[in-house]
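Novice: Quick one: the structure is below, and I'll ask about it shortly.
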Amino acid sequence: MDTTPFGASPPSFGEATRTFARIGLLSFGGPAGQIALMHKILVDEKRWLDEPRFLHALNYCMLLPGPEAMQLATYAGWLMHGIRGGLMAGLLFVLPGALVIIALSAIYMTVGHVTLVQGLLFGLKAAVLAVVLEALIKVSKRALKNVSMVILAIAAFVAIAFLKLPFPLIIAAAAIIGAMVHLAGTTESRASANAEPEIAYAMPEWTQPTARRFFSTLAVWLAIWFGPLIVLWQLLGPAHVFTAEATFFSKMAAVTFGGAYAVLAYVAQQAVEVHGWLKPDEMLTGLGLAETTPGPLILVLAFVGFLGGARLSALAPLAGGIAGAVVTLWFTFVPCFLWIFVGAPYVETVRNVRWLASALSAVTAAVVGIIANLAVWFALHVLFGNVGEVNWGPFALPVLDFGSFDWLAATIAVAAGVALIRFHANMMAVLAASALAGMAWQLS
């Protein structure tokens, strides 16, 4: 048996850096496309990882909160060159898209009121409805494998859409239900949790888990994560926009199972209704911009942080926006490095815990309901000019002004949906066509 997971000798740090920079610049198309790109380059072209090790790393990253494609890149870099390799790979996966989304956020703040730009963003927001619906369909096919999972998805939708229960509470409840169902020993749960045995494959010696390595790595990355948060609390106070962003996105980093779509409805609700960082339709704008940039879709949070910092800090709008985006990026992605560097040496143990697999299957099912809520929330705010709310017992129900229905937005959304879902058109081409349609409408 080989003593390393590499098909050949590990690449030099310089060669690995150049390769992960290429991956970061080409990582369009969401997590599925990004994972496929890494497989093509790291497994097929470079042969730095073999198929079992790549899939094993991917399975582990799928168990974690946060963007799985970014964490997979970090894991691969860590296998090759330890923590410095993981930092290099993870940062190169995020930084190109982060720089682009900050630049686009600045442009939006500066010229977002221009008629032509408004038309472009109008078409983009309408098309994003179709993108979210396509994501919902894909996740549903993968996650809803039996009746229990369907019921859990519906319950999650009702909990977040009508009962307004917090996103972290719903995720925690789903995980507990999944674990309890497995431990109760139902045939259905054991069938879904059991998997083919993993192929034993020796890790490099320096990746072997030890108590000393575990505690030292944990202490360092907890300090990197929470040290700046404590400083913000002490210097600016809990009410300051940068402190609020740091606190909020730290919580999000710990519960973002299921990817960006799962958490965006909760982020939008909190950012709009609680913190006042942005307006309802601006969340769609940010999502549309993030879809056009390389890197993980969760980079849309940098747009949220930018607008919050630009509008609510005492700094000049551009400086406040950049600072808000940097704060958001720090507290969104630092935890991702912690999960990999602390947990990767124990990946074999984690993969063999069947009740944990069952719990996370339940979380994935709940995520379907949460993404469905995201689709409904976006649709109401794009298709209707006025959306109210009425309380009926414990439920909060939307009230629609049908006179404010936007037929043009509906037309663009339907056309984009048909192109994406029925004809599997290129997403970038669909977004571009929708943006041009919005611009043409503004100029007419």
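In the structure tokens, chains take the letters A, B, ... in the order shown, each chain's residues start at 1, and ligands count up from 1 in the order shown.
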Within 9 Å of stretch 314-332 of chain A, which residues of stretch 51-148 of chain A come that close, and what is the closest atom pair and distance in Å for each? Count only C-alpha atoms and give it as JSON lines.
Specialist:
{"residue": "A:Gly66", "atom": "CA", "partner": "A:Thr332", "partner_atom": "CA", "distance": 8.1}
{"residue": "A:Ala98", "atom": "CA", "partner": "A:Leu329", "partner_atom": "CA", "distance": 8.0}
{"residue": "A:Ile102", "atom": "CA", "partner": "A:Ile322", "partner_atom": "CA", "distance": 6.9}
{"residue": "A:Ser105", "atom": "CA", "partner": "A:Gly321", "partner_atom": "CA", "distance": 8.2}
{"residue": "A:Ala106", "atom": "CA", "partner": "A:Leu318", "partner_atom": "CA", "distance": 6.7}
{"residue": "A:Met109", "atom": "CA", "partner": "A:Leu318", "partner_atom": "CA", "distance": 8.3}
{"residue": "A:Thr110", "atom": "CA", "partner": "A:Leu318", "partner_atom": "CA", "distance": 8.9}
Novice: Compile the contact shell of stretch 422-434 of chain A as a PyMOL selection string: residues with an atom at most 10 Å away, counting only C-alpha atoms, same-chain residues fewer than 5 positions apart removed.
Specialist: chain A and resi 28-30+119-128+130-131+134+288-289+291-293+409+412-413+415-417+439-440
Novice: Leaving out A:Ala372 and any residue of its chain fewer than 2 positions from it, which residues lie within 9 Å of it when counting only C-alpha atoms, given as a CSV table (one decimal) with C-alpha atoms, in the first residue's frame?
Specialist:
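In the end it all went to around_21.csv:
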chain,number,residue,atom,x,y,z
A,132,VAL,CA,-32.8,29.4,-7.1
A,133,LEU,CA,-35.6,27.2,-8.4
A,136,LEU,CA,-34.1,23.6,-5.3
A,153,ALA,CA,-38.6,19.3,4.3
A,157,PHE,CA,-40.5,25.2,5.2
A,262,ALA,CA,-30.0,27.3,2.5
A,367,VAL,CA,-32.4,22.4,3.8
A,368,VAL,CA,-34.7,21.6,0.9
A,369,GLY,CA,-37.6,23.3,2.8
A,370,ILE,CA,-35.4,26.2,3.7
A,374,LEU,CA,-35.8,31.3,-0.1
A,375,ALA,CA,-37.5,30.8,-3.5
A,376,VAL,CA,-40.8,32.0,-2.2
A,377,TRP,CA,-39.4,35.0,-0.4
Novice: Pick from A:Val241, A:Ala268, A:Leu232, A:Ile340: nearest to A:Gly77, with only C-alpha atoms counted?
Specialist: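 Under the stated criterion, the closest residue is A:Ile340.
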Novice: So that I can check the surroundings of A:Ala246, please list as a PyMOL selection string every protein, DNA and RNA residue that reaches within 12 Å of it, counting only C-alpha atoms and ignoring chain neighbours fewer than 2 positions away.
Specialist: chain A and resi 225-233+236-244+248-253+301-302+305+308-309+323-334
Novice: Which residues are close to A:Val147, i.e. within 12 Å by only C-alpha atoms, leaving aside same-chain residues fewer than 3 positions away? Reply as an MDAnalysis selection string.
Specialist: chainID A and resid 143:144 150:154 188:189 362 365
Novice: So which residues touch A:Val304 within 8 Å, counting only C-alpha atoms, skipping near sequence neighbours fewer than 3 positions away, as a list of chain:residue names?
Specialist: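 The neighbour list is A:Ala271, A:Trp277, A:Leu278, A:Met283, A:Gly286, A:Val300, A:Leu301, A:Leu307, A:Gly308, A:Ala325.
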Novice: Could you jot down the atom CA of A:Met70 to atom CA of A:Pro166 separation for me, Å, one decimal place?
Specialist: 25.9 Å
Novice: Go ahead and compute the interatomic distance for atom CA of A:Asp50 and atom CA of A:Leu92, in Å to one decimal.
Specialist: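 Interatomic distance, atom CA of A:Asp50 to atom CA of A:Leu92: 22.1 Å.
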Novice: What is the distance between atom CA of A:Glu245 and atom CA of A:Ile298, in Å to one decimal?
Specialist: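 Interatomic distance here is 14.8 Å.
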Novice: Could you name the residues that touch stretch 335-337 of chain A at 10 Å or less, counting only C-alpha atoms, but leaving out those on the same chain fewer than 4 positions away, as a PyMOL selection string?
Specialist: chain A and resi 61+64-68+70-71+74-75+83+86-87+90-91+221-222+224-226+250+253-254+330-331+341-343
Novice: Where does DSSP see helix (DSSP H, G or I) in stretch 162-335 of chain A, if you list the residues as a PyMOL selection string?
Specialist: chain A and resi 167-184+187-193+205-207+211-236+241-255+260-274+280-291+297-312+317-335
